[in-house]
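Trainee: Handing over my_file_19.pdb, PDB, C-alpha atoms.
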ATOM      1  CA  MET H   1     210.618  62.097 -88.630  1.00  0.00           C
ATOM      2  CA  LYS H   2     208.987  60.272 -85.727  1.00  0.00           C
ATOM      3  CA  THR H   3     205.689  58.440 -85.992  1.00  0.00           C
ATOM      4  CA  ILE H   4     203.316  57.376 -83.232  1.00  0.00           C
ATOM      5  CA  TYR H   5     200.397  54.996 -83.682  1.00  0.00           C
ATOM      6  CA  LEU H   6     197.911  55.430 -80.846  1.00  0.00           C
ATOM      7  CA  VAL H   7     195.675  52.376 -80.424  1.00  0.00           C
ATOM      8  CA  ARG H   8     192.744  52.197 -78.074  1.00  0.00           C
ATOM      9  CA  HIS H   9     192.260  48.615 -76.873  1.00  0.00           C
ATOM     10  CA  ALA H  10     189.516  46.516 -78.459  1.00  0.00           C
ATOM     11  CA  LYS H  11     186.039  46.272 -76.943  1.00  0.00           C
ATOM     12  CA  ALA H  12     186.188  44.522 -73.594  1.00  0.00           C
ATOM     13  CA  SER H  13     183.543  42.738 -71.564  1.00  0.00           C
ATOM     14  CA  ARG H  14     181.957  44.534 -68.644  1.00  0.00           C
ATOM     15  CA  ASP H  15     179.856  41.516 -67.654  1.00  0.00           C
ATOM     16  CA  GLU H  16     182.543  39.438 -65.983  1.00  0.00           C
ATOM     17  CA  LYS H  17     181.956  39.208 -62.245  1.00  0.00           C
ATOM     18  CA  GLY H  18     184.715  38.860 -59.691  1.00  0.00           C
ATOM     19  CA  ILE H  19     187.602  40.118 -61.839  1.00  0.00           C
ATOM     20  CA  ASN H  20     189.680  43.259 -61.573  1.00  0.00           C
ATOM     21  CA  ASP H  21     189.418  46.023 -64.183  1.00  0.00           C
ATOM     22  CA  TRP H  22     192.815  45.165 -65.673  1.00  0.00           C
ATOM     23  CA  GLU H  23     191.703  41.510 -66.161  1.00  0.00           C
ATOM     24  CA  ARG H  24     188.686  42.264 -68.379  1.00  0.00           C
ATOM     25  CA  PRO H  25     188.670  40.059 -71.524  1.00  0.00           C
ATOM     26  CA  LEU H  26     187.934  41.179 -75.085  1.00  0.00           C
ATOM     27  CA  THR H  27     184.511  40.546 -76.581  1.00  0.00           C
ATOM     28  CA  VAL H  28     184.115  38.547 -79.790  1.00  0.00           C
ATOM     29  CA  ALA H  29     183.136  41.747 -81.595  1.00  0.00           C
ATOM     30  CA  GLY H  30     186.236  43.462 -80.174  1.00  0.00           C
ATOM     31  CA  ILE H  31     188.502  40.684 -81.433  1.00  0.00           C
ATOM     32  CA  TYR H  32     186.921  40.842 -84.888  1.00  0.00           C
ATOM     33  CA  ARG H  33     187.290  44.631 -85.188  1.00  0.00           C
ATOM     34  CA  ALA H  34     190.889  44.588 -83.912  1.00  0.00           C
ATOM     35  CA  GLN H  35     191.739  41.998 -86.581  1.00  0.00           C
ATOM     36  CA  LYS H  36     190.078  44.123 -89.246  1.00  0.00           C
ATOM     37  CA  VAL H  37     191.941  47.294 -88.245  1.00  0.00           C
ATOM     38  CA  ALA H  38     195.278  45.463 -87.959  1.00  0.00           C
ATOM     39  CA  LYS H  39     194.860  43.920 -91.421  1.00  0.00           C
ATOM     40  CA  THR H  40     194.053  47.359 -92.838  1.00  0.00           C
ATOM     41  CA  LEU H  41     197.241  48.765 -91.286  1.00  0.00           C
ATOM     42  CA  TYR H  42     199.238  45.884 -92.721  1.00  0.00           C
ATOM     43  CA  ASP H  43     197.771  46.604 -96.164  1.00  0.00           C
ATOM     44  CA  LYS H  44     198.763  50.288 -95.698  1.00  0.00           C
ATOM     45  CA  LYS H  45     202.296  49.034 -94.996  1.00  0.00           C
ATOM     46  CA  ALA H  46     202.345  50.473 -91.471  1.00  0.00           C
ATOM     47  CA  GLU H  47     205.438  49.018 -89.819  1.00  0.00           C
ATOM     48  CA  PRO H  48     205.985  50.225 -86.268  1.00  0.00           C
ATOM     49  CA  ALA H  49     209.534  49.689 -85.055  1.00  0.00           C
ATOM     50  CA  ARG H  50     208.296  49.139 -81.494  1.00  0.00           C
ATOM     51  CA  MET H  51     205.007  48.058 -79.938  1.00  0.00           C
ATOM     52  CA  VAL H  52     204.301  48.945 -76.324  1.00  0.00           C
ATOM     53  CA  SER H  53     201.168  47.826 -74.509  1.00  0.00           C
ATOM     54  CA  SER H  54     199.514  48.527 -71.205  1.00  0.00           C
ATOM     55  CA  HIS H  55     199.683  45.530 -68.886  1.00  0.00           C
ATOM     56  CA  ALA H  56     195.862  45.295 -68.791  1.00  0.00           C
ATOM     57  CA  PHE H  57     194.654  42.097 -70.494  1.00  0.00           C
ATOM     58  CA  ARG H  58     192.403  43.951 -72.955  1.00  0.00           C
ATOM     59  CA  SER H  59     195.293  46.110 -74.187  1.00  0.00           C
ATOM     60  CA  LEU H  60     197.799  43.298 -74.266  1.00  0.00           C
ATOM     61  CA  ASN H  61     195.387  41.030 -76.150  1.00  0.00           C
ATOM     62  CA  THR H  62     194.735  43.853 -78.626  1.00  0.00           C
ATOM     63  CA  ALA H  63     198.499  44.235 -79.099  1.00  0.00           C
ATOM     64  CA  LEU H  64     198.801  40.483 -79.753  1.00  0.00           C
ATOM     65  CA  ILE H  65     196.073  40.645 -82.403  1.00  0.00           C
ATOM     66  CA  PHE H  66     197.791  43.586 -84.097  1.00  0.00           C
ATOM     67  CA  ALA H  67     201.223  41.966 -83.928  1.00  0.00           C
ATOM     68  CA  ILE H  68     200.012  38.704 -85.463  1.00  0.00           C
ATOM     69  CA  ASN H  69     198.114  40.440 -88.261  1.00  0.00           C
ATOM     70  CA  MET H  70     200.904  42.947 -88.961  1.00  0.00           C
ATOM     71  CA  ARG H  71     203.674  40.311 -88.896  1.00  0.00           C
ATOM     72  CA  TYR H  72     205.346  41.926 -85.883  1.00  0.00           C
ATOM     73  CA  PRO H  73     207.205  39.515 -83.560  1.00  0.00           C
ATOM     74  CA  VAL H  74     204.863  38.821 -80.629  1.00  0.00           C
ATOM     75  CA  ALA H  75     207.792  38.264 -78.241  1.00  0.00           C
ATOM     76  CA  ALA H  76     209.007  41.807 -78.980  1.00  0.00           C
ATOM     77  CA  ILE H  77     205.874  43.508 -77.603  1.00  0.00           C
ATOM     78  CA  GLU H  78     206.893  45.562 -74.579  1.00  0.00           C
ATOM     79  CA  ILE H  79     204.560  45.647 -71.600  1.00  0.00           C
ATOM     80  CA  SER H  80     204.405  48.879 -69.643  1.00  0.00           C
ATOM     81  CA  ALA H  81     202.528  49.993 -66.558  1.00  0.00           C
ATOM     82  CA  SER H  82     203.093  53.550 -67.885  1.00  0.00           C
ATOM     83  CA  LEU H  83     200.013  53.178 -70.115  1.00  0.00           C
ATOM     84  CA  TYR H  84     197.434  52.086 -67.535  1.00  0.00           C
ATOM     85  CA  GLU H  85     195.457  54.754 -65.656  1.00  0.00           C
ATOM     86  CA  LYS H  86     197.984  57.442 -66.548  1.00  0.00           C
ATOM     87  CA  LYS H  87     197.547  60.989 -67.782  1.00  0.00           C
ATOM     88  CA  ALA H  88     198.538  61.974 -71.311  1.00  0.00           C
ATOM     89  CA  SER H  89     201.420  64.010 -69.868  1.00  0.00           C
ATOM     90  CA  ASP H  90     202.801  60.858 -68.180  1.00  0.00           C
ATOM     91  CA  ILE H  91     202.742  59.022 -71.504  1.00  0.00           C
ATOM     92  CA  ILE H  92     204.484  61.938 -73.234  1.00  0.00           C
ATOM     93  CA  ASP H  93     207.214  61.743 -70.584  1.00  0.00           C
ATOM     94  CA  MET H  94     207.610  58.023 -71.357  1.00  0.00           C
ATOM     95  CA  LEU H  95     207.760  58.708 -75.111  1.00  0.00           C
ATOM     96  CA  LYS H  96     210.408  61.403 -74.651  1.00  0.00           C
ATOM     97  CA  LYS H  97     212.724  58.742 -73.186  1.00  0.00           C
ATOM     98  CA  GLN H  98     212.589  56.492 -76.281  1.00  0.00           C
ATOM     99  CA  ASP H  99     215.785  55.694 -78.144  1.00  0.00           C
ATOM    100  CA  ASN H 100     216.177  58.073 -81.100  1.00  0.00           C
ATOM    101  CA  SER H 101     217.166  55.180 -83.358  1.00  0.00           C
ATOM    102  CA  ILE H 102     213.496  54.082 -83.194  1.00  0.00           C
ATOM    103  CA  SER H 103     211.510  55.926 -85.860  1.00  0.00           C
ATOM    104  CA  SER H 104     208.019  54.718 -84.979  1.00  0.00           C
ATOM    105  CA  ILE H 105     206.158  53.346 -82.007  1.00  0.00           C
ATOM    106  CA  MET H 106     202.694  51.832 -81.582  1.00  0.00           C
ATOM    107  CA  LEU H 107     201.072  52.320 -78.178  1.00  0.00           C
ATOM    108  CA  PHE H 108     198.147  50.212 -76.935  1.00  0.00           C
ATOM    109  CA  GLY H 109     196.258  51.924 -74.167  1.00  0.00           C
ATOM    110  CA  HIS H 110     193.035  53.220 -72.689  1.00  0.00           C
ATOM    111  CA  ASN H 111     190.725  56.164 -72.771  1.00  0.00           C
ATOM    112  CA  PRO H 112     190.606  58.882 -71.771  1.00  0.00           C
ATOM    113  CA  SER H 113     194.426  59.022 -71.880  1.00  0.00           C
ATOM    114  CA  ILE H 114     194.847  57.792 -75.502  1.00  0.00           C
ATOM    115  CA  SER H 115     192.369  60.359 -76.880  1.00  0.00           C
ATOM    116  CA  ASP H 116     193.794  63.072 -74.608  1.00  0.00           C
ATOM    117  CA  LEU H 117     197.286  62.203 -75.832  1.00  0.00           C
ATOM    118  CA  CYS H 118     196.152  62.560 -79.443  1.00  0.00           C
ATOM    119  CA  ASN H 119     194.671  65.987 -78.644  1.00  0.00           C
ATOM    120  CA  GLN H 120     197.807  67.173 -76.849  1.00  0.00           C
ATOM    121  CA  LEU H 121     200.228  65.984 -79.529  1.00  0.00           C
ATOM    122  CA  THR H 122     198.242  67.472 -82.422  1.00  0.00           C
ATOM    123  CA  LYS H 123     196.876  70.559 -80.629  1.00  0.00           C
ATOM    124  CA  LYS H 124     193.441  69.620 -81.962  1.00  0.00           C
ATOM    125  CA  LYS H 125     190.266  68.653 -80.198  1.00  0.00           C
ATOM    126  CA  THR H 126     189.398  65.376 -81.881  1.00  0.00           C
ATOM    127  CA  LYS H 127     186.592  62.975 -81.099  1.00  0.00           C
ATOM    128  CA  GLU H 128     187.215  60.235 -78.584  1.00  0.00           C
ATOM    129  CA  LEU H 129     188.841  57.253 -80.281  1.00  0.00           C
ATOM    130  CA  PRO H 130     186.482  54.279 -80.429  1.00  0.00           C
ATOM    131  CA  THR H 131     187.684  50.871 -79.277  1.00  0.00           C
ATOM    132  CA  SER H 132     190.144  49.179 -81.693  1.00  0.00           C
ATOM    133  CA  ALA H 133     190.808  52.490 -83.443  1.00  0.00           C
ATOM    134  CA  VAL H 134     194.272  53.725 -84.316  1.00  0.00           C
ATOM    135  CA  THR H 135     195.458  57.234 -85.121  1.00  0.00           C
ATOM    136  CA  CYS H 136     198.801  57.721 -86.832  1.00  0.00           C
ATOM    137  CA  ILE H 137     200.607  60.951 -85.937  1.00  0.00           C
ATOM    138  CA  GLN H 138     203.851  62.122 -87.540  1.00  0.00           C
ATOM    139  CA  PHE H 139     206.311  64.664 -86.154  1.00  0.00           C
ATOM    140  CA  LYS H 140     208.994  66.686 -87.918  1.00  0.00           C
ATOM    141  CA  THR H 141     211.737  65.862 -85.453  1.00  0.00           C
ATOM    142  CA  THR H 142     214.576  63.374 -85.114  1.00  0.00           C
ATOM    143  CA  LYS H 143     214.527  63.329 -81.305  1.00  0.00           C
ATOM    144  CA  TRP H 144     211.835  61.850 -79.099  1.00  0.00           C
ATOM    145  CA  SER H 145     212.849  64.313 -76.378  1.00  0.00           C
ATOM    146  CA  GLU H 146     211.459  67.127 -78.576  1.00  0.00           C
ATOM    147  CA  LEU H 147     207.996  65.595 -78.619  1.00  0.00           C
ATOM    148  CA  GLY H 148     205.429  68.213 -77.763  1.00  0.00           C
ATOM    149  CA  GLU H 149     207.598  71.071 -79.022  1.00  0.00           C
ATOM    150  CA  SER H 150     206.376  70.530 -82.571  1.00  0.00           C
ATOM    151  CA  VAL H 151     202.756  69.874 -83.451  1.00  0.00           C
ATOM    152  CA  GLY H 152     202.091  66.404 -84.770  1.00  0.00           C
ATOM    153  CA  LYS H 153     200.190  65.864 -88.000  1.00  0.00           C
ATOM    154  CA  ILE H 154     197.489  63.197 -88.130  1.00  0.00           C
ATOM    155  CA  LEU H 155     198.211  61.037 -91.176  1.00  0.00           C
ATOM    156  CA  PHE H 156     195.148  58.831 -90.751  1.00  0.00           C
ATOM    157  CA  THR H 157     192.691  57.321 -88.320  1.00  0.00           C
ATOM    158  CA  GLU H 158     191.396  53.791 -88.854  1.00  0.00           C
ATOM    159  CA  SER H 159     188.489  52.413 -86.846  1.00  0.00           C
ATOM    160  CA  GLY H 160     187.393  49.361 -88.810  1.00  0.00           C
ATOM    161  CA  LYS H 161     183.871  50.675 -89.257  1.00  0.00           C
TER     162      LYS H 161
END
Starting from the coordinates I provided, produce the structure as structure tokens.
Mentor:
Amino acid sequence: MKTIYLVRHAKASRDEKGINDWERPLTVAGIYRAQKVAKTLYDKKAEPARMVSSHAFRSLNTALIFAINMRYPVAAIEISASLYEKKASDIIDMLKKQDNSISSIMLFGHNPSISDLCNQLTKKKTKELPTSAVTCIQFKTTKWSELGESVGKILFTESGK
């Protein structure tokens, strides 16, 4: 079995002037909700083997909040440009290259690609994931390269609301 946790970054400020999109900071409300969702996942005993985050500050800061609250080593978070302004199909290609010894991966990214990825992997039209939300999808396969050949099953979605 392979498991993917898709996390949309926490709420980010749109009021900051003179900064690039990828530099946008999290809002206080975004930080609070990310902590709440991460603690809920920890209580559910969700233990991703790997965390990979977009290089955008809002995603990386969300990943840090999750790692701290889920007792995941912060230094082990991988930073990837493959999750910023990419299509769902690009992310699937990245996932297919994962080491098969890894059973689960948590991705921190952006919409619309995170919600599109959820739809493609489950063959369902789901609502757009809100900020800080996570959807856990499980696949009946032992190889990441087979991702997309089998339909993933949504185990849960947690939004902190």
Trainee: Using all atoms listed in the file, find the one residue out of H:Trp144, H:Phe66, H:Phe108, H:Phe139 that sits nearest to Ile92 (chain H).
Mentor: H:Trp144
Trainee: Which of these, H:Pro73, H:Gly160, H:Gly30, H:Pro25, has the shortest distance to Arg58 (chain H) once you count only C-alpha atoms?
Mentor: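 Closest residue, counting only C-alpha atoms: H:Pro25.
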Trainee: Report the residues retrieved by the PyMOL selection byres ((chain H and resi 126) around 12) from the displayed file, expressed as an mmCIF file with C-alpha atoms, keeping the file's coordinate frame.
Mentor:
data_model
loop_
_atom_site.group_PDB
_atom_site.id
_atom_site.type_symbol
_atom_site.label_atom_id
_atom_site.label_comp_id
_atom_site.auth_asym_id
_atom_site.auth_seq_id
_atom_site.Cartn_x
_atom_site.Cartn_y
_atom_site.Cartn_z
ATOM 1 C CA ILE H 114 194.847 57.792 -75.502
ATOM 2 C CA SER H 115 192.369 60.359 -76.880
ATOM 3 C CA ASP H 116 193.794 63.072 -74.608
ATOM 4 C CA LEU H 117 197.286 62.203 -75.832
ATOM 5 C CA CYS H 118 196.152 62.560 -79.443
ATOM 6 C CA ASN H 119 194.671 65.987 -78.644
ATOM 7 C CA GLN H 120 197.807 67.173 -76.849
ATOM 8 C CA LEU H 121 200.228 65.984 -79.529
ATOM 9 C CA THR H 122 198.242 67.472 -82.422
ATOM 10 C CA LYS H 123 196.876 70.559 -80.629
ATOM 11 C CA LYS H 124 193.441 69.620 -81.962
ATOM 12 C CA LYS H 125 190.266 68.653 -80.198
ATOM 13 C CA LYS H 127 186.592 62.975 -81.099
ATOM 14 C CA GLU H 128 187.215 60.235 -78.584
ATOM 15 C CA LEU H 129 188.841 57.253 -80.281
ATOM 16 C CA PRO H 130 186.482 54.279 -80.429
ATOM 17 C CA THR H 135 195.458 57.234 -85.121
ATOM 18 C CA ILE H 154 197.489 63.197 -88.130
ATOM 19 C CA THR H 157 192.691 57.321 -88.320
#
Trainee: Translate the PyMOL selection byres ((chain H and resi 1-3) around 6), as applied to the file shown, into an explicit residue set as a PyMOL selection string.
Mentor: chain H and resi 4+103-104+137-142
Trainee: Excluding Ser80 (chain H) and residues on its chain fewer than 2 positions from it, collect all residues at most 10 Å away from it, counting all atoms listed in the file, and give them as a PyMOL selection string.
Mentor: chain H and resi 52-56+60+77-78+82-84+94+107-109
Trainee: Just to be explicit: take each residue in the selection above, keep C-alpha atoms, and write the result as an mmCIF file, keeping the file's coordinate frame.
Mentor:
data_model
loop_
_atom_site.group_PDB
_atom_site.id
_atom_site.type_symbol
_atom_site.label_atom_id
_atom_site.label_comp_id
_atom_site.auth_asym_id
_atom_site.auth_seq_id
_atom_site.Cartn_x
_atom_site.Cartn_y
_atom_site.Cartn_z
ATOM 1 C CA VAL H 52 204.301 48.945 -76.324
ATOM 2 C CA SER H 53 201.168 47.826 -74.509
ATOM 3 C CA SER H 54 199.514 48.527 -71.205
ATOM 4 C CA HIS H 55 199.683 45.530 -68.886
ATOM 5 C CA ALA H 56 195.862 45.295 -68.791
ATOM 6 C CA LEU H 60 197.799 43.298 -74.266
ATOM 7 C CA ILE H 77 205.874 43.508 -77.603
ATOM 8 C CA GLU H 78 206.893 45.562 -74.579
ATOM 9 C CA SER H 82 203.093 53.550 -67.885
ATOM 10 C CA LEU H 83 200.013 53.178 -70.115
ATOM 11 C CA TYR H 84 197.434 52.086 -67.535
ATOM 12 C CA MET H 94 207.610 58.023 -71.357
ATOM 13 C CA LEU H 107 201.072 52.320 -78.178
ATOM 14 C CA PHE H 108 198.147 50.212 -76.935
ATOM 15 C CA GLY H 109 196.258 51.924 -74.167
#
Trainee: Which residues match the PyMOL selection byres ((chain H and resi 88) around 6) in the file above, as a PyMOL selection string?
Mentor: chain H and resi 87+89-91+113+116-117
Trainee: Please indicate the distance in Å from CA of Glu23 (chain H) to CA of Val74 (chain H), rounded to one decimal place.
Mentor: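 Value for the CA of Glu23 (chain H)-CA of Val74 (chain H) distance: 19.7 Å.
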Trainee: Tell me which of H:Gln98, H:Thr62, H:Thr131, H:Asn69 sits closest to Ala46 (chain H), counting only C-alpha atoms.
Mentor: H:Asn69
Trainee: For the atom pair CA of Phe156 (chain H) and CA of Ala10 (chain H), what is the interatomic distance in Å to one decimal place?
Mentor: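 For CA of Phe156 (chain H) relative to CA of Ala10 (chain H), the distance reads 18.3 Å.
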Trainee: So which one's closest to Leu26 (chain H), H:Met51, H:Leu147, H:Ile102, H:Ile65? Using all atoms listed in the file, please.
Mentor: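 Under the stated criterion, the closest residue is H:Ile65.
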Trainee: Give the answer as one residue: which of H:Leu41, H:Ala81, H:Val134, H:Ile19 has the shortest atom-to-atom distance to Val7 (chain H), using all atoms listed in the file?
Mentor: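 Checking each of H:Leu41, H:Ala81, H:Val134, H:Ile19 against Val7 (chain H), counting all atoms listed in the file, the winner is H:Val134.
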Trainee: Take every atom of region 33-41 of chain H listed in the file, pad by 4 Å on each side, and give me the axis-aligned box centre and edge lengths in Å, one decimal, as lines of an AutoDock Vina configuration file.
Mentor:
center_x = 192.3
center_y = 45.4
center_z = -88.4
size_x = 18.0
size_y = 14.8
size_z = 16.9
Trainee: Using all atoms listed in the file, determine which residues lie at most 12 Å from Val28 (chain H), disregarding the query and same-chain residues fewer than 3 positions distant; provide the list as a PyMOL selection string.
Mentor: chain H and resi 10-13+25+31-35+62
Trainee: In Å, rounded to a single decimal, give me how far CA of Ser150 (chain H) is from CA of Lys44 (chain H).
Mentor: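 Result for CA of Lys44 (chain H) versus CA of Ser150 (chain H): 25.3 Å, one decimal.
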Trainee: For each of H:Met70, H:Met106, H:Leu95, H:Ala29, take the minimum atom-to-atom distance to Glu146 (chain H), counting only C-alpha atoms, then give the residue where this is smallest.
Mentor: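 For Glu146 (chain H), the nearest of the candidates is H:Leu95.
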